[in-house]
Amino acid sequence: MSAVLSPARATAGARPVEVALLASVFVIAACGLVYELTAAALSSYLLGDSVLQFSTVIGTYLFAMGVGSWLSRYFERQLPAHFLRIELLVALIGGALPAVLFIANAWVPGAFRLLLYGLVMVVGTLVGLEIPLVMRILKRDVALKDLVSQVLTFDYLGALAVSIAFPLLLVPQLGMIRTGLLFGFMNAAVAVWALWLFRHELRRVGSHAAACALTLVVIGAAFVGADRITTVAEDKFYQDRIVFSATSPYQRIVVTRGQLGHRLFLNGNLQFAERDEYRYHEALVHPAMAAQGAPNKVAVLGGGDGMAVREILKYPSVEQVTLVELDPNMTKLFTEHETLAALNGGSLKSPKVKVVNTDAFQWLQQDPAPKTTGAASDDLFDVIIVDFPDPTNFAIGKLYTNAFYALLDKRLSASGYAVIQTTSPLVARQSFWTVATTIESVGLTATPYHAHVPSFGEWGFIIASRRPWRLPDALPEGLQFLTPATLPLLFDFPKDMARVPTEVNRLSNQILVTTYEREWGKVVGH
């Protein structure tokens with residue numbers, strides 16, 4: 001919510017109390033939206049399916065605001081005192097919301113959903129109380145038509161400011177926990193402001209002042225100890241010692257180290273384990289690279305850790321590798337962090353590698369040169385490695401649609417191969433074969449295979465091409481997992497992983513996301 005005087009009126013001698021209250025509405029609106037966004041973002045990080053989580057959290061929050069607005073009718077006297085108390089409650093509960101949810105996810109994961117929606121209801125109800133109370137306080141001095149227009153104007157301005165700052169500035173620079181606490185501090189500051197403005201109307205001013213001071217101290221201490229709070233929560237969740245963690249506009253990046261070596265987690269989901277990542281990346285890269293013969297230009301979509309690039313550079317024929325990774329924090333981490341760069345053999349520092357930090361879907365939409373011209377080689381690739389996370393939400397699910405694979409086809413040379421990591425054909429059998437059906441729907445041949453990776457279990461891949469895949473005669477030296485003799489075994493599917501009928505995954509339905517959630521939910525219970 002927000003409200004302030006119009007510029008003309010503000011400069012025309014408006015009462016200080018009026019100006020102060022209207023200015024506070026801008027702050028209140030910004031704070032309320034931050035709590036809403038942090039709850040929605042954390043639920044999508046930890047529960048997956050960002051569309052579902054944002055929709056349900058925002059819907060619950062708006063409903064709670066309606067409840068709060070309705071309850072405001074029962075506040076009849078001492079409106080400034082009620083307003084002050086509500087600001088302090090919002091500051092404490094809303095400010096602590098991200099920290100409480102992080103801790104709950106690590107220590108009592110079974111109660112996470114209940115706590116999430118419970119906190120959203122409480123904060124939303126309190127925020128819903130704020131707007132009517134401010135309007136009723138201002139009503140004493142402002143005409144109704146001016147009051148409504150001013151309050152709504154600054155409410156929307158506060159929401160606009162936060163909606164821009166939240167993904168671009170607040171989360172990348174402060175992280176979720178400190179962002180929540182910062183805006184909790186701002187709510188508490190509004191309470192202090194109200195204490196000063198209405199000091200002559202309030203009863204027991206000393207008690208109100210003590211409550212304000214205590215709230216500011218608690219929030220300040222939590223802000224200082226935010227890193228410790230995060231560490232306690234994540235140490236419990238990940239078990240192993242955390243050696244690196246960061247929150248980007250796109251995801252939460254955590255790297256741990258334990259008895260089994262380093263492990264990378266994105267939004268709590270394991271991406272690789274040092275102990276056996278060679279099995280995954282050899283299986284991902286070499287069946288397509290070796291079959292192509294002499295790949296010259298290669299693209300990697302996703303795979304910002306550089307592990308796939310490491311395997312690609314084992315082919316002397318490769319002259320250029322284009323790595324398309326959405327999150328620049330990933331490529332920077334695995335380029336500059338000495339220990340992590342050692343895991344990928346320093347591959348991202350190779351002069352053959354070009355890093356492009358952008359959305360892979362948008363990158364593919366850039367018009368390639370016509371295939372009949374001499375410039376085609378600048379835009380087409382002999383091999384494309386697609387190493388995206390599993391389709392846990394619609395933002396990632398679009399990268400598994402027929403629209404995406406049609407764009408992929410345009411970037412493949414006539415003799416080229418694309419390979420897609422495709423979840424587990426054992427655990428998520430229907431999801432796996434949905435990808436195969438979707439690839440075939442755009443006219444490409446789908447050649448599925450699988451490999452056992454202990455950290456993940458049985459894992460699947462699909463080669464997409466215009467020409468049939470052929471078994472390569474040789475593989476690069478120094479591989480730890482694949483050999484020419486064992487490679488054919490990867491393409492044999494036992495009965496419990498055999499193909500089943502599936503639909504095409506389209507942008508208009510994204511059936512893969514719901515199928516994936518259903519199949520994996522049976523196993524992990526989320």
# chains A, B, ... in the order shown; residues from 1 in each chain; ligands from 1
call {"tool": "select_by_dssp", "arguments": {"residues": "range 389-464 of chain A", "states": "strand (DSSP E)", "output": "PyMOL selection string"}}
result
chain A and resi 412-421+445-453+457-464
call {"tool": "select_by_dssp", "arguments": {"residues": "range 358-424 of chain A", "states": "helix (DSSP H, G or I)", "output": "list in words"}}
result
Ala360, Phe361, Gln362, Trp363, Leu364, Gln365, Gly374, Ala375, Ala376, Ser377, Asp378, Phe394, Ala395, Ile396, Gly397, Lys398, Leu399, Tyr400, Asn402, Ala403, Phe404, Tyr405, Ala406, Leu407, Leu408, Asp409 and Lys410 of chain A
call {"tool": "write_last_selection", "arguments": {"atoms": "N, CA and C atoms", "output": "CSV table (one decimal), in the first residue's frame"}}
result
chain,number,residue,atom,x,y,z
A,360,ALA,N,18.9,-19.8,-23.0
A,360,ALA,CA,19.2,-20.7,-24.2
A,360,ALA,C,18.1,-20.6,-25.2
A,361,PHE,N,16.8,-20.5,-24.8
A,361,PHE,CA,15.7,-20.4,-25.7
A,361,PHE,C,15.8,-19.1,-26.6
A,362,GLN,N,16.1,-18.0,-25.9
A,362,GLN,CA,16.3,-16.8,-26.7
A,362,GLN,C,17.5,-16.8,-27.6
A,363,TRP,N,18.6,-17.5,-27.1
A,363,TRP,CA,19.8,-17.6,-27.9
A,363,TRP,C,19.5,-18.4,-29.2
A,364,LEU,N,18.7,-19.5,-29.1
A,364,LEU,CA,18.4,-20.3,-30.2
A,364,LEU,C,17.5,-19.5,-31.2
A,365,GLN,N,16.7,-18.6,-30.7
A,365,GLN,CA,15.8,-17.8,-31.5
A,365,GLN,C,16.5,-16.8,-32.4
A,374,GLY,N,27.6,-19.7,-47.6
A,374,GLY,CA,28.9,-20.0,-47.0
A,374,GLY,C,29.0,-19.6,-45.5
A,375,ALA,N,28.0,-18.7,-45.1
A,375,ALA,CA,28.1,-18.1,-43.7
A,375,ALA,C,27.4,-19.1,-42.7
A,376,ALA,N,26.8,-20.2,-43.3
A,376,ALA,CA,26.1,-21.1,-42.4
A,376,ALA,C,27.0,-21.7,-41.3
A,377,SER,N,28.2,-21.9,-41.6
A,377,SER,CA,29.1,-22.5,-40.6
A,377,SER,C,29.3,-21.6,-39.3
A,378,ASP,N,29.0,-20.3,-39.5
A,378,ASP,CA,29.1,-19.5,-38.3
A,378,ASP,C,28.0,-19.6,-37.3
A,394,PHE,N,7.9,-24.6,-14.9
A,394,PHE,CA,7.6,-24.2,-16.3
A,394,PHE,C,8.7,-23.4,-16.9
A,395,ALA,N,9.5,-22.7,-16.1
A,395,ALA,CA,10.6,-21.9,-16.7
A,395,ALA,C,11.6,-22.8,-17.3
A,396,ILE,N,11.8,-24.0,-16.7
A,396,ILE,CA,12.8,-24.9,-17.2
A,396,ILE,C,12.0,-25.8,-18.2
A,397,GLY,N,10.8,-26.1,-18.0
A,397,GLY,CA,10.0,-27.0,-18.8
A,397,GLY,C,9.9,-26.5,-20.3
A,398,LYS,N,10.0,-25.2,-20.5
A,398,LYS,CA,9.9,-24.7,-21.8
A,398,LYS,C,11.1,-25.2,-22.7
A,399,LEU,N,12.2,-25.5,-22.0
A,399,LEU,CA,13.4,-26.0,-22.6
A,399,LEU,C,13.4,-27.5,-23.0
A,400,TYR,N,12.2,-28.1,-22.8
A,400,TYR,CA,11.9,-29.5,-23.1
A,400,TYR,C,10.7,-29.6,-24.1
A,402,ASN,N,8.5,-29.0,-27.8
A,402,ASN,CA,8.7,-29.2,-29.2
A,402,ASN,C,9.2,-27.8,-29.9
A,403,ALA,N,8.7,-26.7,-29.3
A,403,ALA,CA,9.2,-25.4,-29.8
A,403,ALA,C,10.7,-25.3,-29.6
A,404,PHE,N,11.2,-25.7,-28.5
A,404,PHE,CA,12.6,-25.6,-28.2
A,404,PHE,C,13.4,-26.6,-29.2
A,405,TYR,N,12.9,-27.8,-29.4
A,405,TYR,CA,13.6,-28.7,-30.2
A,405,TYR,C,13.6,-28.3,-31.7
A,406,ALA,N,12.5,-27.6,-32.1
A,406,ALA,CA,12.5,-27.1,-33.5
A,406,ALA,C,13.6,-26.1,-33.7
A,407,LEU,N,13.8,-25.2,-32.6
A,407,LEU,CA,14.9,-24.2,-32.7
A,407,LEU,C,16.2,-24.9,-32.7
A,408,LEU,N,16.3,-26.0,-31.9
A,408,LEU,CA,17.6,-26.7,-31.8
A,408,LEU,C,18.0,-27.3,-33.2
A,409,ASP,N,17.0,-27.8,-33.9
A,409,ASP,CA,17.2,-28.4,-35.2
A,409,ASP,C,17.8,-27.4,-36.2
A,410,LYS,N,17.4,-26.2,-36.1
A,410,LYS,CA,17.9,-25.2,-37.0
A,410,LYS,C,19.4,-24.9,-36.8
call {"tool": "residues_around", "arguments": {"residues": "Tyr117 in chain A", "least_positions_apart": "2", "cutoff": "10 Å", "atoms": "only C-alpha atoms", "output": "PyMOL selection string"}}
result
chain A and resi 39+43+56-57+60-61+112-115+119-123
call {"tool": "residues_around", "arguments": {"residues": "Asp155 in chain A", "least_positions_apart": "2", "cutoff": "12 Å", "atoms": "only C-alpha atoms", "output": "PyMOL selection string"}}
result
chain A and resi 1-4+22-33+127+130-131+134-135+148-153+157-162
call {"tool": "atom_distance", "arguments": {"atom1": "CA of Val353 in chain A", "atom2": "CA of Ser317 in chain A"}}
result
13.8 Å
call {"tool": "residues_around", "arguments": {"residues": "Ser424 in chain A", "least_positions_apart": "5", "cutoff": "8 Å", "atoms": "only C-alpha atoms", "output": "count of residues only"}}
result
6
call {"tool": "closest_residue", "arguments": {"among": "A:Ile137, A:Ala428, A:Leu126, A:Val100", "to": "Thr514 in chain A", "atoms": "only C-alpha atoms"}}
result
A:Ala428
call {"tool": "residues_around", "arguments": {"residues": "Pro488 in chain A", "least_positions_apart": "6", "cutoff": "12 Å", "atoms": "only C-alpha atoms", "output": "VMD selection string"}}
result
chain A and resid 283 287 448 to 451 469 to 473 482
call {"tool": "closest_residue", "arguments": {"among": "A:Thr215, A:Thr339, A:Ser350, A:Thr483", "to": "Leu89 in chain A", "atoms": "only C-alpha atoms"}}
result
A:Thr215
call {"tool": "closest_residue", "arguments": {"among": "A:Met330, A:Ala464, A:Val217, A:Val224", "to": "Ile253 in chain A", "atoms": "only C-alpha atoms"}}
result
A:Met330
call {"tool": "residues_around", "arguments": {"residues": "range 380-389 of chain A", "least_positions_apart": "5", "cutoff": "8 Å", "atoms": "only C-alpha atoms", "output": "MDAnalysis selection string"}}
result
chainID A and resid 271 284:285 288:289 292 295:303 308 368 396 399 410:413 415:421
call {"tool": "closest_residue", "arguments": {"among": "A:Ile312, A:Leu270, A:Ala96, A:Leu197", "to": "Phe223 in chain A", "atoms": "only C-alpha atoms"}}
result
A:Ala96
call {"tool": "closest_residue", "arguments": {"among": "A:Gly225, A:Pro391, A:Gly175, A:Gly293", "to": "Tyr315 in chain A", "atoms": "only C-alpha atoms"}}
result
A:Gly293
